[in-house]
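Peer 1: Structure supplied as query_28.cif; contents: mmCIF, N, CA and C atoms and all ligand atoms.
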data_query
loop_
_atom_site.group_PDB
_atom_site.id
_atom_site.type_symbol
_atom_site.label_atom_id
_atom_site.label_comp_id
_atom_site.auth_asym_id
_atom_site.auth_seq_id
_atom_site.Cartn_x
_atom_site.Cartn_y
_atom_site.Cartn_z
ATOM 1 N N MET A 63 70.723 128.774 124.191
ATOM 2 C CA MET A 63 71.755 129.285 125.086
ATOM 3 C C MET A 63 71.329 130.613 125.668
ATOM 4 N N ARG A 64 71.842 130.892 126.843
ATOM 5 C CA ARG A 64 71.427 132.115 127.534
ATOM 6 C C ARG A 64 72.663 132.969 127.793
ATOM 7 N N VAL A 65 72.581 134.211 127.383
ATOM 8 C CA VAL A 65 73.668 135.168 127.628
ATOM 9 C C VAL A 65 73.130 136.257 128.551
ATOM 10 N N THR A 66 73.831 136.454 129.644
ATOM 11 C CA THR A 66 73.420 137.442 130.643
ATOM 12 C C THR A 66 74.427 138.585 130.674
ATOM 13 N N PHE A 67 73.917 139.798 130.594
ATOM 14 C CA PHE A 67 74.738 140.998 130.803
ATOM 15 C C PHE A 67 74.532 141.382 132.263
ATOM 16 N N GLU A 68 75.437 140.922 133.085
ATOM 17 C CA GLU A 68 75.248 140.965 134.534
ATOM 18 C C GLU A 68 75.051 142.383 135.058
ATOM 19 N N ASP A 69 75.850 143.308 134.584
ATOM 20 C CA ASP A 69 75.765 144.670 135.113
ATOM 21 C C ASP A 69 74.474 145.376 134.699
ATOM 22 N N LEU A 70 73.838 144.906 133.651
ATOM 23 C CA LEU A 70 72.588 145.512 133.212
ATOM 24 C C LEU A 70 71.385 144.769 133.771
ATOM 25 N N GLY A 71 71.614 143.591 134.340
ATOM 26 C CA GLY A 71 70.510 142.790 134.853
ATOM 27 C C GLY A 71 69.602 142.277 133.751
ATOM 28 N N ARG A 72 70.201 142.001 132.583
ATOM 29 C CA ARG A 72 69.401 141.549 131.438
ATOM 30 C C ARG A 72 69.975 140.251 130.897
ATOM 31 N N SER A 73 69.085 139.388 130.419
ATOM 32 C CA SER A 73 69.463 138.066 129.984
ATOM 33 C C SER A 73 68.666 137.717 128.728
ATOM 34 N N PHE A 74 69.333 137.070 127.771
ATOM 35 C CA PHE A 74 68.691 136.812 126.482
ATOM 36 C C PHE A 74 68.959 135.398 126.010
ATOM 37 N N GLU A 75 67.988 134.819 125.314
ATOM 38 C CA GLU A 75 68.220 133.576 124.601
ATOM 39 C C GLU A 75 68.989 133.905 123.324
ATOM 40 N N ALA A 76 69.952 133.065 122.963
ATOM 41 C CA ALA A 76 70.781 133.350 121.793
ATOM 42 C C ALA A 76 71.103 132.063 121.055
ATOM 43 N N GLU A 77 71.139 132.159 119.747
ATOM 44 C CA GLU A 77 71.554 131.027 118.930
ATOM 45 C C GLU A 77 73.076 130.928 118.963
ATOM 46 N N PRO A 78 73.617 129.716 118.895
ATOM 47 C CA PRO A 78 75.072 129.582 118.847
ATOM 48 C C PRO A 78 75.633 130.108 117.528
ATOM 49 N N GLY A 79 76.853 130.607 117.584
ATOM 50 C CA GLY A 79 77.565 131.002 116.374
ATOM 51 C C GLY A 79 77.602 132.483 116.118
ATOM 52 N N GLY A 80 76.613 133.230 116.599
ATOM 53 C CA GLY A 80 76.632 134.675 116.422
ATOM 54 C C GLY A 80 77.596 135.319 117.415
ATOM 55 N N THR A 81 77.886 136.571 117.195
ATOM 56 C CA THR A 81 78.775 137.267 118.126
ATOM 57 C C THR A 81 77.964 137.938 119.231
ATOM 58 N N LEU A 82 78.661 138.256 120.307
ATOM 59 C CA LEU A 82 78.016 139.010 121.387
ATOM 60 C C LEU A 82 77.539 140.372 120.892
ATOM 61 N N LEU A 83 78.288 140.981 119.989
ATOM 62 C CA LEU A 83 77.868 142.283 119.464
ATOM 63 C C LEU A 83 76.568 142.147 118.674
ATOM 64 N N ASP A 84 76.447 141.096 117.869
ATOM 65 C CA ASP A 84 75.197 140.867 117.131
ATOM 66 C C ASP A 84 74.023 140.795 118.107
ATOM 67 N N LEU A 85 74.220 140.037 119.172
ATOM 68 C CA LEU A 85 73.157 139.868 120.165
ATOM 69 C C LEU A 85 72.835 141.208 120.829
ATOM 70 N N ALA A 86 73.871 141.925 121.222
ATOM 71 C CA ALA A 86 73.664 143.204 121.906
ATOM 72 C C ALA A 86 72.887 144.176 121.019
ATOM 73 N N GLU A 87 73.252 144.236 119.751
ATOM 74 C CA GLU A 87 72.573 145.161 118.841
ATOM 75 C C GLU A 87 71.119 144.750 118.644
ATOM 76 N N ARG A 88 70.882 143.449 118.530
ATOM 77 C CA ARG A 88 69.518 142.963 118.309
ATOM 78 C C ARG A 88 68.630 143.237 119.520
ATOM 79 N N GLU A 89 69.206 143.160 120.697
ATOM 80 C CA GLU A 89 68.400 143.269 121.922
ATOM 81 C C GLU A 89 68.437 144.657 122.550
ATOM 82 N N GLY A 90 69.128 145.584 121.911
ATOM 83 C CA GLY A 90 69.141 146.949 122.432
ATOM 84 C C GLY A 90 70.042 147.160 123.634
ATOM 85 N N VAL A 91 71.046 146.311 123.776
ATOM 86 C CA VAL A 91 72.026 146.499 124.851
ATOM 87 C C VAL A 91 72.898 147.704 124.486
ATOM 88 N N PRO A 92 73.115 148.622 125.415
ATOM 89 C CA PRO A 92 73.886 149.827 125.099
ATOM 90 C C PRO A 92 75.384 149.540 125.009
ATOM 91 N N MET A 93 75.796 149.027 123.883
ATOM 92 C CA MET A 93 77.200 148.675 123.654
ATOM 93 C C MET A 93 77.711 149.481 122.469
ATOM 94 N N GLU A 94 78.787 150.197 122.669
ATOM 95 C CA GLU A 94 79.372 150.953 121.553
ATOM 96 C C GLU A 94 80.129 150.014 120.634
ATOM 97 N N ALA A 95 80.177 150.361 119.369
ATOM 98 C CA ALA A 95 80.934 149.580 118.390
ATOM 99 C C ALA A 95 81.479 150.570 117.366
ATOM 100 N N ALA A 96 82.408 151.388 117.821
ATOM 101 C CA ALA A 96 82.860 152.533 117.024
ATOM 102 C C ALA A 96 83.472 152.137 115.691
ATOM 103 N N CYS A 97 84.092 150.968 115.635
ATOM 104 C CA CYS A 97 84.740 150.560 114.376
ATOM 105 C C CYS A 97 83.805 149.726 113.505
ATOM 106 N N GLY A 98 82.609 149.490 113.983
ATOM 107 C CA GLY A 98 81.649 148.726 113.199
ATOM 108 C C GLY A 98 81.802 147.220 113.319
ATOM 109 N N GLY A 99 82.580 146.784 114.273
ATOM 110 C CA GLY A 99 82.695 145.336 114.510
ATOM 111 C C GLY A 99 83.905 144.689 113.883
ATOM 112 N N PHE A 100 84.968 145.464 113.683
ATOM 113 C CA PHE A 100 86.145 144.943 112.984
ATOM 114 C C PHE A 100 87.393 144.876 113.870
ATOM 115 N N ALA A 101 87.197 144.705 115.162
ATOM 116 C CA ALA A 101 88.316 144.549 116.095
ATOM 117 C C ALA A 101 89.308 145.703 115.983
ATOM 118 N N GLY A 102 88.764 146.912 115.857
ATOM 119 C CA GLY A 102 89.649 148.049 115.685
ATOM 120 C C GLY A 102 89.484 149.163 116.691
ATOM 121 N N CYS A 103 88.553 149.045 117.639
ATOM 122 C CA CYS A 103 88.285 150.215 118.480
ATOM 123 C C CYS A 103 88.279 149.959 119.984
ATOM 124 N N ASN A 104 87.969 148.752 120.417
ATOM 125 C CA ASN A 104 87.993 148.414 121.848
ATOM 126 C C ASN A 104 86.757 148.886 122.607
ATOM 127 N N THR A 105 85.820 149.552 121.932
ATOM 128 C CA THR A 105 84.661 150.074 122.660
ATOM 129 C C THR A 105 83.634 148.994 122.990
ATOM 130 N N CYS A 106 83.734 147.845 122.361
ATOM 131 C CA CYS A 106 82.763 146.764 122.598
ATOM 132 C C CYS A 106 83.273 145.762 123.623
ATOM 133 N N ARG A 107 84.342 146.087 124.302
ATOM 134 C CA ARG A 107 84.968 145.088 125.177
ATOM 135 C C ARG A 107 84.048 144.687 126.334
ATOM 136 N N VAL A 108 84.076 143.403 126.635
ATOM 137 C CA VAL A 108 83.334 142.847 127.766
ATOM 138 C C VAL A 108 84.284 142.001 128.590
ATOM 139 N N ARG A 109 83.801 141.614 129.765
ATOM 140 C CA ARG A 109 84.555 140.669 130.589
ATOM 141 C C ARG A 109 83.670 139.457 130.844
ATOM 142 N N LEU A 110 84.199 138.295 130.552
ATOM 143 C CA LEU A 110 83.473 137.049 130.796
ATOM 144 C C LEU A 110 83.545 136.713 132.280
ATOM 145 N N ILE A 111 82.381 136.592 132.905
ATOM 146 C CA ILE A 111 82.301 136.315 134.340
ATOM 147 C C ILE A 111 82.091 134.827 134.603
ATOM 148 N N ALA A 112 81.290 134.200 133.761
ATOM 149 C CA ALA A 112 81.000 132.773 133.937
ATOM 150 C C ALA A 112 80.603 132.193 132.592
ATOM 151 N N GLY A 113 80.709 130.889 132.466
ATOM 152 C CA GLY A 113 80.364 130.235 131.219
ATOM 153 C C GLY A 113 81.521 130.284 130.244
ATOM 154 N N ALA A 114 81.198 130.288 128.953
ATOM 155 C CA ALA A 114 82.253 130.213 127.943
ATOM 156 C C ALA A 114 81.856 130.984 126.696
ATOM 157 N N LEU A 115 82.876 131.419 125.967
ATOM 158 C CA LEU A 115 82.728 132.028 124.645
ATOM 159 C C LEU A 115 83.638 131.279 123.688
ATOM 160 N N GLY A 116 83.458 131.485 122.386
ATOM 161 C CA GLY A 116 84.308 130.828 121.412
ATOM 162 C C GLY A 116 85.759 131.257 121.569
ATOM 163 N N PRO A 117 86.656 130.562 120.873
ATOM 164 C CA PRO A 117 88.087 130.838 121.014
ATOM 165 C C PRO A 117 88.436 132.296 120.702
ATOM 166 N N GLU A 118 89.437 132.786 121.419
ATOM 167 C CA GLU A 118 89.910 134.155 121.214
ATOM 168 C C GLU A 118 90.540 134.279 119.834
ATOM 169 N N ASP A 119 90.164 135.334 119.120
ATOM 170 C CA ASP A 119 90.748 135.626 117.825
ATOM 171 C C ASP A 119 92.030 136.433 118.038
ATOM 172 N N GLU A 120 93.042 136.188 117.233
ATOM 173 C CA GLU A 120 94.306 136.897 117.466
ATOM 174 C C GLU A 120 94.163 138.411 117.266
ATOM 175 N N ALA A 121 93.141 138.825 116.516
ATOM 176 C CA ALA A 121 92.913 140.269 116.332
ATOM 177 C C ALA A 121 92.512 140.950 117.635
ATOM 178 N N GLU A 122 92.008 140.173 118.593
ATOM 179 C CA GLU A 122 91.587 140.742 119.877
ATOM 180 C C GLU A 122 92.766 141.052 120.793
ATOM 181 N N ALA A 123 93.829 140.308 120.652
ATOM 182 C CA ALA A 123 94.919 140.326 121.632
ATOM 183 C C ALA A 123 95.417 141.729 121.998
ATOM 184 N N PRO A 124 95.600 142.639 121.037
ATOM 185 C CA PRO A 124 96.131 143.954 121.413
ATOM 186 C C PRO A 124 95.221 144.737 122.357
ATOM 187 N N PHE A 125 93.952 144.350 122.465
ATOM 188 C CA PHE A 125 92.990 145.121 123.256
ATOM 189 C C PHE A 125 92.703 144.507 124.618
ATOM 190 N N LEU A 126 93.243 143.340 124.873
ATOM 191 C CA LEU A 126 92.889 142.608 126.088
ATOM 192 C C LEU A 126 94.034 142.707 127.077
ATOM 193 N N ASP A 127 93.733 143.197 128.281
ATOM 194 C CA ASP A 127 94.804 143.324 129.253
ATOM 195 C C ASP A 127 94.431 142.788 130.630
ATOM 196 N N ALA A 128 93.356 142.023 130.705
ATOM 197 C CA ALA A 128 92.994 141.383 131.969
ATOM 198 C C ALA A 128 92.296 140.065 131.661
ATOM 199 N N PRO A 129 92.392 139.118 132.564
ATOM 200 C CA PRO A 129 91.753 137.818 132.333
ATOM 201 C C PRO A 129 90.250 137.978 132.091
ATOM 202 N N GLY A 130 89.754 137.234 131.128
ATOM 203 C CA GLY A 130 88.325 137.221 130.841
ATOM 204 C C GLY A 130 87.873 138.286 129.862
ATOM 205 N N GLN A 131 88.734 139.245 129.555
ATOM 206 C CA GLN A 131 88.308 140.288 128.618
ATOM 207 C C GLN A 131 88.186 139.713 127.202
ATOM 208 N N ARG A 132 87.181 140.197 126.478
ATOM 209 C CA ARG A 132 86.975 139.823 125.077
ATOM 210 C C ARG A 132 86.366 141.010 124.338
ATOM 211 N N LEU A 133 86.561 141.014 123.029
ATOM 212 C CA LEU A 133 85.854 141.971 122.183
ATOM 213 C C LEU A 133 84.542 141.331 121.755
ATOM 214 N N ALA A 134 83.436 141.997 122.055
ATOM 215 C CA ALA A 134 82.121 141.418 121.760
ATOM 216 C C ALA A 134 81.917 141.201 120.265
ATOM 217 N N CYS A 135 82.599 141.983 119.447
ATOM 218 C CA CYS A 135 82.427 141.827 118.000
ATOM 219 C C CYS A 135 83.134 140.595 117.459
ATOM 220 N N GLN A 136 84.024 140.006 118.248
ATOM 221 C CA GLN A 136 84.763 138.825 117.805
ATOM 222 C C GLN A 136 84.365 137.575 118.594
ATOM 223 N N ALA A 137 83.833 137.755 119.784
ATOM 224 C CA ALA A 137 83.534 136.626 120.669
ATOM 225 C C ALA A 137 82.222 135.966 120.252
ATOM 226 N N ARG A 138 82.300 134.693 119.925
ATOM 227 C CA ARG A 138 81.110 133.981 119.452
ATOM 228 C C ARG A 138 80.445 133.219 120.589
ATOM 229 N N ILE A 139 79.136 133.149 120.481
ATOM 230 C CA ILE A 139 78.336 132.457 121.493
ATOM 231 C C ILE A 139 78.408 130.961 121.221
ATOM 232 N N VAL A 140 78.872 130.226 122.222
ATOM 233 C CA VAL A 140 79.002 128.769 122.075
ATOM 234 C C VAL A 140 78.376 128.027 123.253
ATOM 235 N N ALA A 141 77.998 128.752 124.285
ATOM 236 C CA ALA A 141 77.456 128.142 125.497
ATOM 237 C C ALA A 141 76.792 129.250 126.301
ATOM 238 N N ASP A 142 76.160 128.888 127.401
ATOM 239 C CA ASP A 142 75.669 129.922 128.310
ATOM 240 C C ASP A 142 76.846 130.775 128.761
ATOM 241 N N ALA A 143 76.604 132.065 128.925
ATOM 242 C CA ALA A 143 77.688 132.961 129.334
ATOM 243 C C ALA A 143 77.126 134.125 130.146
ATOM 244 N N VAL A 144 77.930 134.578 131.082
ATOM 245 C CA VAL A 144 77.618 135.782 131.865
ATOM 246 C C VAL A 144 78.760 136.760 131.614
ATOM 247 N N VAL A 145 78.413 137.965 131.166
ATOM 248 C CA VAL A 145 79.440 138.958 130.863
ATOM 249 C C VAL A 145 79.080 140.288 131.528
ATOM 250 N N ARG A 146 80.082 141.160 131.599
ATOM 251 C CA ARG A 146 79.880 142.548 132.034
ATOM 252 C C ARG A 146 80.474 143.451 130.969
ATOM 253 N N LEU A 147 79.880 144.604 130.745
ATOM 254 C CA LEU A 147 80.465 145.578 129.834
ATOM 255 C C LEU A 147 81.767 146.081 130.436
ATOM 256 N N ASP A 148 82.791 146.201 129.607
ATOM 257 C CA ASP A 148 84.116 146.599 130.085
ATOM 258 C C ASP A 148 84.850 147.364 128.977
ATOM 259 N N PRO A 149 84.217 148.428 128.456
ATOM 260 C CA PRO A 149 84.789 149.104 127.289
ATOM 261 C C PRO A 149 86.141 149.747 127.585
ATOM 262 N N GLY A 150 87.052 149.633 126.641
ATOM 263 C CA GLY A 150 88.318 150.334 126.724
ATOM 264 C C GLY A 150 88.227 151.638 125.961
ATOM 265 N N SER A 151 89.262 152.447 126.044
ATOM 266 C CA SER A 151 89.239 153.732 125.336
ATOM 267 C C SER A 151 90.042 153.647 124.065
HETATM 268 S S1 LIG B 201 83.297 147.050 117.608
HETATM 269 FE FE1 LIG B 201 85.263 147.884 117.491
HETATM 270 S S2 LIG B 201 86.506 146.432 118.467
HETATM 271 FE FE2 LIG B 201 84.527 145.556 118.535
#
Could you write out this structure as structure tokens?
Peer 2:
Amino acid sequence: MRVTFEDLGRSFEAEPGGTLLDLAEREGVPMEAACGGFAGCNTCRVRLIAGALGPEDEAEAPFLDAPGQRLACQARIVADAVVRLDPGS
């Protein structure tokens, strides 16, 4: 599967099942994760532009306020996807 960070112009091969945050950390994508990946900070937020991610976790809901937004620490790779960084405060 291929995950593209559109705003960075970077694209990576990824195994299914891992999170976007795992991929970002492995590939050196500049993504903050202030809470350490526990759906508590909103700094890892992305927006899905195309493709698909795994089902939304209910822990994400308080941080999402626009269509396509997801927390990278909770969003699992299940298919090709194109995302943009969209960190909240
Ligand atoms: S790393 Fe904190 S919400 Fe994802």
Peer 1: Which residues, written as a tab-separated table (two decimals) with N, CA and C atoms, in the coordinates of the input, have at least one atom at most 8 Å from Met93 (chain A), with all atoms listed in the file counted and residues fewer than 5 positions away on the same chain left out?
Peer 2:
chain	number	residue	atom	x	y	z
A	83	LEU	N	78.29	140.98	119.99
A	83	LEU	CA	77.87	142.28	119.46
A	83	LEU	C	76.57	142.15	118.67
A	86	ALA	N	73.87	141.93	121.22
A	86	ALA	CA	73.66	143.20	121.91
A	86	ALA	C	72.89	144.18	121.02
A	87	GLU	N	73.25	144.24	119.75
A	87	GLU	CA	72.57	145.16	118.84
A	87	GLU	C	71.12	144.75	118.64
A	105	THR	N	85.82	149.55	121.93
A	105	THR	CA	84.66	150.07	122.66
A	105	THR	C	83.63	148.99	122.99
A	106	CYS	N	83.73	147.84	122.36
A	106	CYS	CA	82.76	146.76	122.60
A	106	CYS	C	83.27	145.76	123.62
A	107	ARG	N	84.34	146.09	124.30
A	107	ARG	CA	84.97	145.09	125.18
A	107	ARG	C	84.05	144.69	126.33
A	147	LEU	N	79.88	144.60	130.74
A	147	LEU	CA	80.46	145.58	129.83
A	147	LEU	C	81.77	146.08	130.44
Peer 1: With 5 Å as the cut-off and only N, CA and C atoms and all ligand atoms counted, what is the closest atom pair between each nearby residue of chain A and ligand LIG 201 (chain B)? Distances in Å to one decimal, ordered by chain and number, as CSV.
Peer 2:
residue,atom,partner,partner_atom,distance
A:Ala95,CA,B:LIG201,S1,3.5
A:Ala96,N,B:LIG201,S1,4.4
A:Cys97,N,B:LIG201,FE1,3.8
A:Gly98,N,B:LIG201,S1,4.4
A:Gly99,N,B:LIG201,S1,3.4
A:Phe100,N,B:LIG201,FE1,4.5
A:Ala101,CA,B:LIG201,S2,3.5
A:Gly102,N,B:LIG201,S2,3.5
A:Cys103,N,B:LIG201,S2,3.4
A:Asn104,N,B:LIG201,S2,3.4
A:Thr105,N,B:LIG201,S2,4.7
A:Cys106,N,B:LIG201,FE2,4.5
A:Cys135,N,B:LIG201,FE2,4.2
Peer 1: Rank nothing, just name the residue among A:Ala134, A:Leu115, A:Val140, A:Ala121 nearest to Leu82 (chain A), using all atoms listed in the file.
Peer 2: A:Ala134
Peer 1: For Val144 (chain A), which of A:Leu110, A:Met63, A:Leu85, A:Leu70 is the closest residue, counting only C-alpha atoms?
Peer 2: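 Using only C-alpha atoms, the shortest distance to Val144 (chain A) belongs to A:Leu110.
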Peer 1: Starting from the shown file, work through the PyMOL selection byres (((chain A and resi 146) around 8) and not hetatm) and note down what comes out as a ChimeraX atom specification.
Peer 2: /A:66-70,107-112,143-145,147-149
Peer 1: Go ahead and compute the interatomic distance for atom N of Ala123 (chain A) and atom C of Asp84 (chain A), in Å to one decimal.
Peer 2: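 Atom-to-atom, atom N of Ala123 (chain A) and atom C of Asp84 (chain A) are spaced 20.0 Å apart.
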Peer 1: Give me the result of the PyMOL selection byres (((chain A and resi 116) around 7) and not hetatm) on this file, residue by residue, as a list in words.
Peer 2: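 On this input, the PyMOL selection byres (((chain A and resi 116) around 7) and not hetatm) captures Ala114, Leu115, Pro117, Glu118, Asp119, Ala137, Arg138, Ile139, Val140 and Ala141 of chain A.
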Peer 1: If DSSP is run on the backbone, what residues of chain A are helix (DSSP H, G or I)? A reply as number ranges by chain would be ideal.
Peer 2: A: 68-70, 82-89, 120-125
Peer 1: Would you compute the distance between atom N of Asp127 (chain A) and atom C of Phe74 (chain A)? Give it in Å to one decimal.
Peer 2: 26.1 Å
Peer 1: Rank nothing, just name the residue among A:Glu122, A:Gln136, A:Gly113, A:Pro129 nearest to Gly79 (chain A), using only C-alpha atoms.
Peer 2: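 Among A:Glu122, A:Gln136, A:Gly113, A:Pro129, it is A:Gln136 that comes nearest to Gly79 (chain A).
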Peer 1: Mind pulling up the distance from CA of Ala128 (chain A) to CA of Gly80 (chain A)?
Peer 2: 23.5 Å
Peer 1: Which residue gives the smallest distance to Arg88 (chain A) among A:Arg64, A:Phe125, A:Leu133, A:Ala76, with only C-alpha atoms counted?
Peer 2: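 Between A:Arg64, A:Phe125, A:Leu133, A:Ala76, the residue approaching Arg88 (chain A) most closely is A:Ala76.
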Peer 1: Please determine, counting only C-alpha atoms, which residue among A:Glu94, A:Asp142, A:Gly150, A:Gln131 has the shortest atom-to-atom distance to Ser73 (chain A).
Peer 2: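 Checking each candidate against Ser73 (chain A), we get A:Asp142 as the closest.
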Peer 1: Apply DSSP to the structure's backbone, then extract all residues of chain A labelled strand (DSSP E or B) and return them as an MDAnalysis selection string.
Peer 2: chainID A and resid 64:67 72:75 81 107:115 131:133 138:147
Peer 1: Take region 63-72 of chain A from the preceding structure and save all heavy atoms as a PDB file, in the first residue's frame.
Peer 2:
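As written to disk, result-v5.pdb reads:
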ATOM      1  N   MET A  63       0.834  -1.196   0.000  1.00  0.00           N
ATOM      2  CA  MET A  63       0.000   0.000   0.000  1.00  0.00           C
ATOM      3  C   MET A  63       0.865   1.240   0.000  1.00  0.00           C
ATOM      4  O   MET A  63       1.968   1.212   0.516  1.00  0.00           O
ATOM      5  CB  MET A  63      -0.885   0.006   1.251  1.00  0.00           C
ATOM      6  CG  MET A  63      -2.041  -0.929   1.123  1.00  0.00           C
ATOM      7  SD  MET A  63      -2.713  -1.424   2.694  1.00  0.00           S
ATOM      8  CE  MET A  63      -3.488  -2.921   2.130  1.00  0.00           C
ATOM      9  N   ARG A  64       0.316   2.297  -0.549  1.00  0.00           N
ATOM     10  CA  ARG A  64       1.101   3.527  -0.677  1.00  0.00           C
ATOM     11  C   ARG A  64       0.376   4.646   0.061  1.00  0.00           C
ATOM     12  O   ARG A  64      -0.822   4.877  -0.171  1.00  0.00           O
ATOM     13  CB  ARG A  64       1.284   3.876  -2.158  1.00  0.00           C
ATOM     14  CG  ARG A  64       2.081   5.125  -2.369  1.00  0.00           C
ATOM     15  CD  ARG A  64       2.843   5.084  -3.675  1.00  0.00           C
ATOM     16  NE  ARG A  64       3.996   4.190  -3.637  1.00  0.00           N
ATOM     17  CZ  ARG A  64       5.238   4.561  -3.276  1.00  0.00           C
ATOM     18  NH1 ARG A  64       5.497   5.806  -2.925  1.00  0.00           N
ATOM     19  NH2 ARG A  64       6.227   3.708  -3.261  1.00  0.00           N
ATOM     20  N   VAL A  65       1.102   5.305   0.930  1.00  0.00           N
ATOM     21  CA  VAL A  65       0.556   6.454   1.664  1.00  0.00           C
ATOM     22  C   VAL A  65       1.339   7.693   1.240  1.00  0.00           C
ATOM     23  O   VAL A  65       2.567   7.723   1.314  1.00  0.00           O
ATOM     24  CB  VAL A  65       0.654   6.250   3.186  1.00  0.00           C
ATOM     25  CG1 VAL A  65       0.191   7.497   3.918  1.00  0.00           C
ATOM     26  CG2 VAL A  65      -0.160   5.042   3.608  1.00  0.00           C
ATOM     27  N   THR A  66       0.606   8.688   0.797  1.00  0.00           N
ATOM     28  CA  THR A  66       1.218   9.930   0.322  1.00  0.00           C
ATOM     29  C   THR A  66       0.870  11.067   1.274  1.00  0.00           C
ATOM     30  O   THR A  66      -0.296  11.249   1.634  1.00  0.00           O
ATOM     31  CB  THR A  66       0.699  10.266  -1.092  1.00  0.00           C
ATOM     32  OG1 THR A  66       1.055   9.190  -1.968  1.00  0.00           O
ATOM     33  CG2 THR A  66       1.295  11.567  -1.605  1.00  0.00           C
ATOM     34  N   PHE A  67       1.886  11.795   1.691  1.00  0.00           N
ATOM     35  CA  PHE A  67       1.689  13.035   2.454  1.00  0.00           C
ATOM     36  C   PHE A  67       1.753  14.158   1.426  1.00  0.00           C
ATOM     37  O   PHE A  67       2.835  14.612   1.041  1.00  0.00           O
ATOM     38  CB  PHE A  67       2.766  13.166   3.537  1.00  0.00           C
ATOM     39  CG  PHE A  67       2.602  12.175   4.646  1.00  0.00           C
ATOM     40  CD1 PHE A  67       3.081  10.872   4.505  1.00  0.00           C
ATOM     41  CD2 PHE A  67       1.940  12.506   5.817  1.00  0.00           C
ATOM     42  CE1 PHE A  67       2.918   9.929   5.520  1.00  0.00           C
ATOM     43  CE2 PHE A  67       1.773  11.584   6.834  1.00  0.00           C
ATOM     44  CZ  PHE A  67       2.261  10.293   6.685  1.00  0.00           C
ATOM     45  N   GLU A  68       0.595  14.549   0.967  1.00  0.00           N
ATOM     46  CA  GLU A  68       0.489  15.415  -0.206  1.00  0.00           C
ATOM     47  C   GLU A  68       1.210  16.746  -0.021  1.00  0.00           C
ATOM     48  O   GLU A  68       1.905  17.213  -0.911  1.00  0.00           O
ATOM     49  CB  GLU A  68      -0.993  15.656  -0.506  1.00  0.00           C
ATOM     50  CG  GLU A  68      -1.242  16.432  -1.776  1.00  0.00           C
ATOM     51  CD  GLU A  68      -2.712  16.707  -1.965  1.00  0.00           C
ATOM     52  OE1 GLU A  68      -3.298  17.425  -1.128  1.00  0.00           O
ATOM     53  OE2 GLU A  68      -3.279  16.193  -2.928  1.00  0.00           O
ATOM     54  N   ASP A  69       1.041  17.358   1.126  1.00  0.00           N
ATOM     55  CA  ASP A  69       1.638  18.678   1.330  1.00  0.00           C
ATOM     56  C   ASP A  69       3.162  18.620   1.427  1.00  0.00           C
ATOM     57  O   ASP A  69       3.830  19.633   1.226  1.00  0.00           O
ATOM     58  CB  ASP A  69       1.035  19.372   2.557  1.00  0.00           C
ATOM     59  CG  ASP A  69       0.919  18.465   3.767  1.00  0.00           C
ATOM     60  OD1 ASP A  69       0.988  17.220   3.619  1.00  0.00           O
ATOM     61  OD2 ASP A  69       0.754  18.991   4.867  1.00  0.00           O
ATOM     62  N   LEU A  70       3.704  17.464   1.734  1.00  0.00           N
ATOM     63  CA  LEU A  70       5.151  17.327   1.820  1.00  0.00           C
ATOM     64  C   LEU A  70       5.737  16.797   0.520  1.00  0.00           C
ATOM     65  O   LEU A  70       6.970  16.741   0.359  1.00  0.00           O
ATOM     66  CB  LEU A  70       5.523  16.371   2.961  1.00  0.00           C
ATOM     67  CG  LEU A  70       4.976  16.761   4.341  1.00  0.00           C
ATOM     68  CD1 LEU A  70       5.346  15.696   5.363  1.00  0.00           C
ATOM     69  CD2 LEU A  70       5.506  18.113   4.771  1.00  0.00           C
ATOM     70  N   GLY A  71       4.881  16.321  -0.377  1.00  0.00           N
ATOM     71  CA  GLY A  71       5.363  15.746  -1.626  1.00  0.00           C
ATOM     72  C   GLY A  71       6.131  14.454  -1.415  1.00  0.00           C
ATOM     73  O   GLY A  71       7.064  14.151  -2.150  1.00  0.00           O
ATOM     74  N   ARG A  72       5.719  13.692  -0.391  1.00  0.00           N
ATOM     75  CA  ARG A  72       6.430  12.448  -0.071  1.00  0.00           C
ATOM     76  C   ARG A  72       5.443  11.295  -0.024  1.00  0.00           C
ATOM     77  O   ARG A  72       4.305  11.445   0.439  1.00  0.00           O
ATOM     78  CB  ARG A  72       7.173  12.584   1.256  1.00  0.00           C
ATOM     79  CG  ARG A  72       8.226  13.677   1.218  1.00  0.00           C
ATOM     80  CD  ARG A  72       8.956  13.814   2.533  1.00  0.00           C
ATOM     81  NE  ARG A  72       9.738  12.619   2.821  1.00  0.00           N
ATOM     82  CZ  ARG A  72      10.342  12.397   4.000  1.00  0.00           C
ATOM     83  NH1 ARG A  72      10.249  13.287   4.963  1.00  0.00           N
ATOM     84  NH2 ARG A  72      11.031  11.302   4.194  1.00  0.00           N
TER      85      ARG A  72
END
